[in-house]
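**Q** Structure incoming, see below.
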Amino acid sequence: MRELRTISRSMICLAMMALSSACLIAQEKPNPAKIKASAIQVDMIHSDEIKLPAEFQVSLYEDLIRQLEKKSGLAHVYREGDRNAATAPNLVILRSNVTGFKEGSQRKREVTTVAGETEIKIHCVFSDKDGKTLLEADVTGKVRFFGGNLRATYDLAKATTKIVRENFSAST
Amino acid sequence: MIWQRKSAFLVKCILAMAATAVLGASGFAQQPTADAPLKVVVVKGLAGVKDNTKGTLVIGDGSMHFAHEGVKSDLATHSIEDVVTGDDTQRVIRGTVGTLSWFAPYGAGRFLALFRTKLDSVTIKYRDADGGLHGAIFTMPVGQAAVIKQDLLAQGAKTTVAEADPKSAPATPEPKEKP
């Protein structure tokens with residue numbers, strides 16, 4: 001009986017040690033250093049190879065700015081051409097190029113549930129004032145079930161904002 | 001017996017809704033009038049106006065004036081860098097009733113989703129006082145987009161798409177699945 005208790009205690013001790021070491025390893029895992037930025041300037045979406053309808057282009061631009069203002073954590077979000085951006089320190093410029101576009105159908109989505117998906121793919125380049133590339137990422141926005149086709153731009157803006165939040169931190 | 005009556009009642013309701021939808025769709029298209037304020041919906045992007053706000057648009061005296069109850073927005077037409085027209089569709093039965101229709105029996109919600117009205121859309125790009133680029137999307141009944149575009153161009157707005165091409169949304173290389 002005593003032997004059983006000793007074994008069970010030693011087992012519990014071992015398990016606790018394993019857990020604590022796992023926690024330590026997780027804490028020691030290096031977080032990628034975030035890039036310091038005080039403001040971001042969003043340029044109008046370009047579509048060099050793939051022609052994006054104007055309403056999608058504008059919707060994506062506006063959604064991007066709105067999402068970045070709400071959730072990026074950066075102090076300022078400037079629009080393309082804004083003169084105030086010139087004096088902002090640590091300014092990051094976001095340029096986006098459309099790499100894929102499939103305009104689905106809201107009617108098909110509502111009637112069939114599985115067909116009529118709208119999808120937009122963009123390639124984002126984050127650079128500093130001098131044009132040096134800081135980060136590049138491919139982002140996809142979709143609307144699969146509910147909502148109009150323009151909802152894909154909202155999905156895309158949310159995904160892009162998440163990238164900004166994960167890779168850039170507000171400099172003081 | 002009672003179940004049969006209920007089923008018959010439900011079917012009648014669905015048919016009545018469908019008939020309303022068809023009638024609504026046919027009566028939705030209005031003749032464009034140049035002088036009267038145009039009824040539009042701001043889908044997004046107009047400064048100081050919430051998304052999907054219905055209101056009236058008046059173009060004249062070098063400005064584009066949008067009004068909805070207490071909300072007013074004025075935009076100098078010379079600040080508009082691009083005006084592009086397009087088309088779209090929307091469900092005839094939408095809003096709360098449209099959402100509730102998804103719970104109707106026998107796939108009635110899906111059936112009602114087939115009834116859609118055509119819309120025109122106008123997309124503009126403009127600069128604010130600081131030079132920042134904005135974009136705004138409006139929808140309006142069929143036939144009014146061309147009128148709005150003509151009015152804006154007459155008041156000093158610019159466009160990248162020739163007037164001869166009324167449905168000017170650039171073609172996509174992939175086939176469209178538009179409703």
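Naming works like this for the structure tokens: A, B, ... for the chains as they're shown, residue 1 at the start of each chain, ligands 1 onward in shown order.
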At a cut-off of 8 Å, using only C-alpha atoms, what residues contact Asp128 (chain A)? Leave out same-chain residues fewer than 5 positions from it and give the result as a PyMOL selection string.

**A** chain A and resi 90-93+133-134

**Q** Generate a file of the selected residues that holds C-alpha atoms, formatted as a compact mmCIF listing (two decimals), in the first residue's frame.

**A**
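Writing done, so here's out01.txt:
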```txt
# COMPACT_ATOMS: atom_id res chain seq x y z
CA ASN A 90 8.06 55.96 -38.53
CA LEU A 91 5.44 56.06 -41.24
CA VAL A 92 4.59 52.75 -42.87
CA ILE A 93 3.10 52.80 -46.36
CA THR A 133 10.22 46.94 -47.96
CA LEU A 134 9.47 46.02 -44.34
```

**Q** Taking only C-alpha atoms into account, report as number ranges by chain which residues of chain A lie within 9 Å of chain B.

**A** A: 43-44, 50-55, 57-59, 61-63, 78-84, 101-108, 110-112, 116, 148

**Q** Could those selected residues go to a file with C-alpha atoms, as a PDB file, in the first residue's frame?

**A**
```pdb
ATOM      1  CA  ASP A  43      -2.603  53.692 -50.833  1.00  0.00           C
ATOM      2  CA  MET A  44      -5.456  53.018 -53.248  1.00  0.00           C
ATOM      3  CA  ILE A  50      -6.494  41.722 -62.963  1.00  0.00           C
ATOM      4  CA  LYS A  51      -9.141  44.332 -63.479  1.00  0.00           C
ATOM      5  CA  LEU A  52     -11.117  44.896 -60.326  1.00  0.00           C
ATOM      6  CA  PRO A  53     -14.503  46.644 -60.618  1.00  0.00           C
ATOM      7  CA  ALA A  54     -14.401  50.160 -59.215  1.00  0.00           C
ATOM      8  CA  GLU A  55     -16.883  49.424 -56.434  1.00  0.00           C
ATOM      9  CA  GLN A  57     -11.586  48.755 -55.313  1.00  0.00           C
ATOM     10  CA  VAL A  58     -13.184  51.604 -53.374  1.00  0.00           C
ATOM     11  CA  SER A  59     -14.919  49.292 -50.918  1.00  0.00           C
ATOM     12  CA  TYR A  61      -9.813  50.828 -49.667  1.00  0.00           C
ATOM     13  CA  GLU A  62     -12.475  52.242 -47.344  1.00  0.00           C
ATOM     14  CA  ASP A  63     -12.810  49.004 -45.361  1.00  0.00           C
ATOM     15  CA  TYR A  78      -3.560  58.285 -43.377  1.00  0.00           C
ATOM     16  CA  ARG A  79      -5.187  58.116 -46.750  1.00  0.00           C
ATOM     17  CA  GLU A  80      -3.300  58.251 -50.037  1.00  0.00           C
ATOM     18  CA  GLY A  81      -2.209  61.793 -50.764  1.00  0.00           C
ATOM     19  CA  ASP A  82      -2.791  63.125 -47.253  1.00  0.00           C
ATOM     20  CA  ARG A  83      -0.308  65.967 -46.718  1.00  0.00           C
ATOM     21  CA  ASN A  84      -0.166  65.351 -42.960  1.00  0.00           C
ATOM     22  CA  PHE A 101     -10.564  38.091 -58.199  1.00  0.00           C
ATOM     23  CA  LYS A 102     -13.640  35.952 -58.642  1.00  0.00           C
ATOM     24  CA  GLU A 103     -16.965  37.733 -58.494  1.00  0.00           C
ATOM     25  CA  GLY A 104     -19.563  35.289 -57.253  1.00  0.00           C
ATOM     26  CA  SER A 105     -23.295  35.641 -56.990  1.00  0.00           C
ATOM     27  CA  GLN A 106     -25.299  36.466 -53.895  1.00  0.00           C
ATOM     28  CA  ARG A 107     -28.356  34.825 -55.420  1.00  0.00           C
ATOM     29  CA  LYS A 108     -26.480  31.568 -55.965  1.00  0.00           C
ATOM     30  CA  GLU A 110     -28.596  32.199 -50.951  1.00  0.00           C
ATOM     31  CA  VAL A 111     -30.285  29.567 -53.073  1.00  0.00           C
ATOM     32  CA  THR A 112     -27.669  26.820 -53.102  1.00  0.00           C
ATOM     33  CA  GLY A 116     -21.440  31.574 -55.796  1.00  0.00           C
ATOM     34  CA  GLY A 148     -23.401  40.770 -50.685  1.00  0.00           C
TER      35      GLY A 148
END
```

**Q** I'd like the interatomic distance between CA of Phe56 (chain A) and CA of Ser96 (chain A), to a tenth of an Å.

**A** 13.2 Å

**Q** Just want the 7 Å neighbourhood of Thr56 (chain B), counted on only C-alpha atoms, with same-chain residues fewer than 2 positions away dropped. Output as a ChimeraX atom specification.

**A** /B:37-40,58,66-68

**Q** Please produce an output containing N, CA and C atoms for each residue in the selection, written as a PDB file, in the first residue's frame.

**A**
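Here's the written file out.pdb:
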```pdb
ATOM      1  N   PRO B  37     -34.710  65.847 -56.741  1.00  0.00           N
ATOM      2  CA  PRO B  37     -33.677  65.137 -55.963  1.00  0.00           C
ATOM      3  C   PRO B  37     -33.755  63.640 -56.227  1.00  0.00           C
ATOM      4  N   LEU B  38     -32.602  63.023 -56.399  1.00  0.00           N
ATOM      5  CA  LEU B  38     -32.577  61.592 -56.713  1.00  0.00           C
ATOM      6  C   LEU B  38     -32.473  60.788 -55.425  1.00  0.00           C
ATOM      7  N   LYS B  39     -33.276  59.748 -55.343  1.00  0.00           N
ATOM      8  CA  LYS B  39     -33.215  58.887 -54.165  1.00  0.00           C
ATOM      9  C   LYS B  39     -32.066  57.897 -54.338  1.00  0.00           C
ATOM     10  N   VAL B  40     -31.141  57.936 -53.409  1.00  0.00           N
ATOM     11  CA  VAL B  40     -29.973  57.051 -53.485  1.00  0.00           C
ATOM     12  C   VAL B  40     -29.725  56.416 -52.112  1.00  0.00           C
ATOM     13  N   VAL B  58     -28.688  65.840 -54.511  1.00  0.00           N
ATOM     14  CA  VAL B  58     -28.925  66.989 -55.394  1.00  0.00           C
ATOM     15  C   VAL B  58     -27.576  67.462 -55.911  1.00  0.00           C
ATOM     16  N   PHE B  66     -25.843  65.579 -50.350  1.00  0.00           N
ATOM     17  CA  PHE B  66     -26.608  64.405 -49.907  1.00  0.00           C
ATOM     18  C   PHE B  66     -27.305  64.754 -48.603  1.00  0.00           C
ATOM     19  N   ALA B  67     -28.570  64.418 -48.497  1.00  0.00           N
ATOM     20  CA  ALA B  67     -29.318  64.716 -47.274  1.00  0.00           C
ATOM     21  C   ALA B  67     -30.150  63.520 -46.853  1.00  0.00           C
ATOM     22  N   HIS B  68     -30.122  63.268 -45.541  1.00  0.00           N
ATOM     23  CA  HIS B  68     -30.992  62.241 -44.957  1.00  0.00           C
ATOM     24  C   HIS B  68     -31.361  62.705 -43.558  1.00  0.00           C
TER      25      HIS B  68
END
```

**Q** Return as a PyMOL selection string the full set of residues in region 57-163 of chain B whose backbone-based DSSP assignment is strand (DSSP E).

**A** chain B and resi 57-60+63-68+71-76+80-91+116-127+133-141

**Q** Env of Gly147 (chain A): 9 Å cut, atoms = only C-alpha atoms, seq-sep filter 3 positions within chain, self excluded. Answer as a list in words.

**A** Gln106, Arg109, Glu110, Val143, Arg144, Leu150, Arg151 and Ala152 of chain A

**Q** Selection from above, C-alpha atoms, as a tab-separated table (two decimals), in the first residue's frame, can you write it?

**A**
```tsv
chain	number	residue	atom	x	y	z
A	106	GLN	CA	-25.30	36.47	-53.90
A	109	ARG	CA	-25.15	31.66	-52.41
A	110	GLU	CA	-28.60	32.20	-50.95
A	143	VAL	CA	-17.79	35.70	-48.81
A	144	ARG	CA	-19.17	32.18	-48.81
A	150	LEU	CA	-18.77	43.55	-51.34
A	151	ARG	CA	-18.56	41.76	-47.99
A	152	ALA	CA	-15.44	40.05	-49.32
```
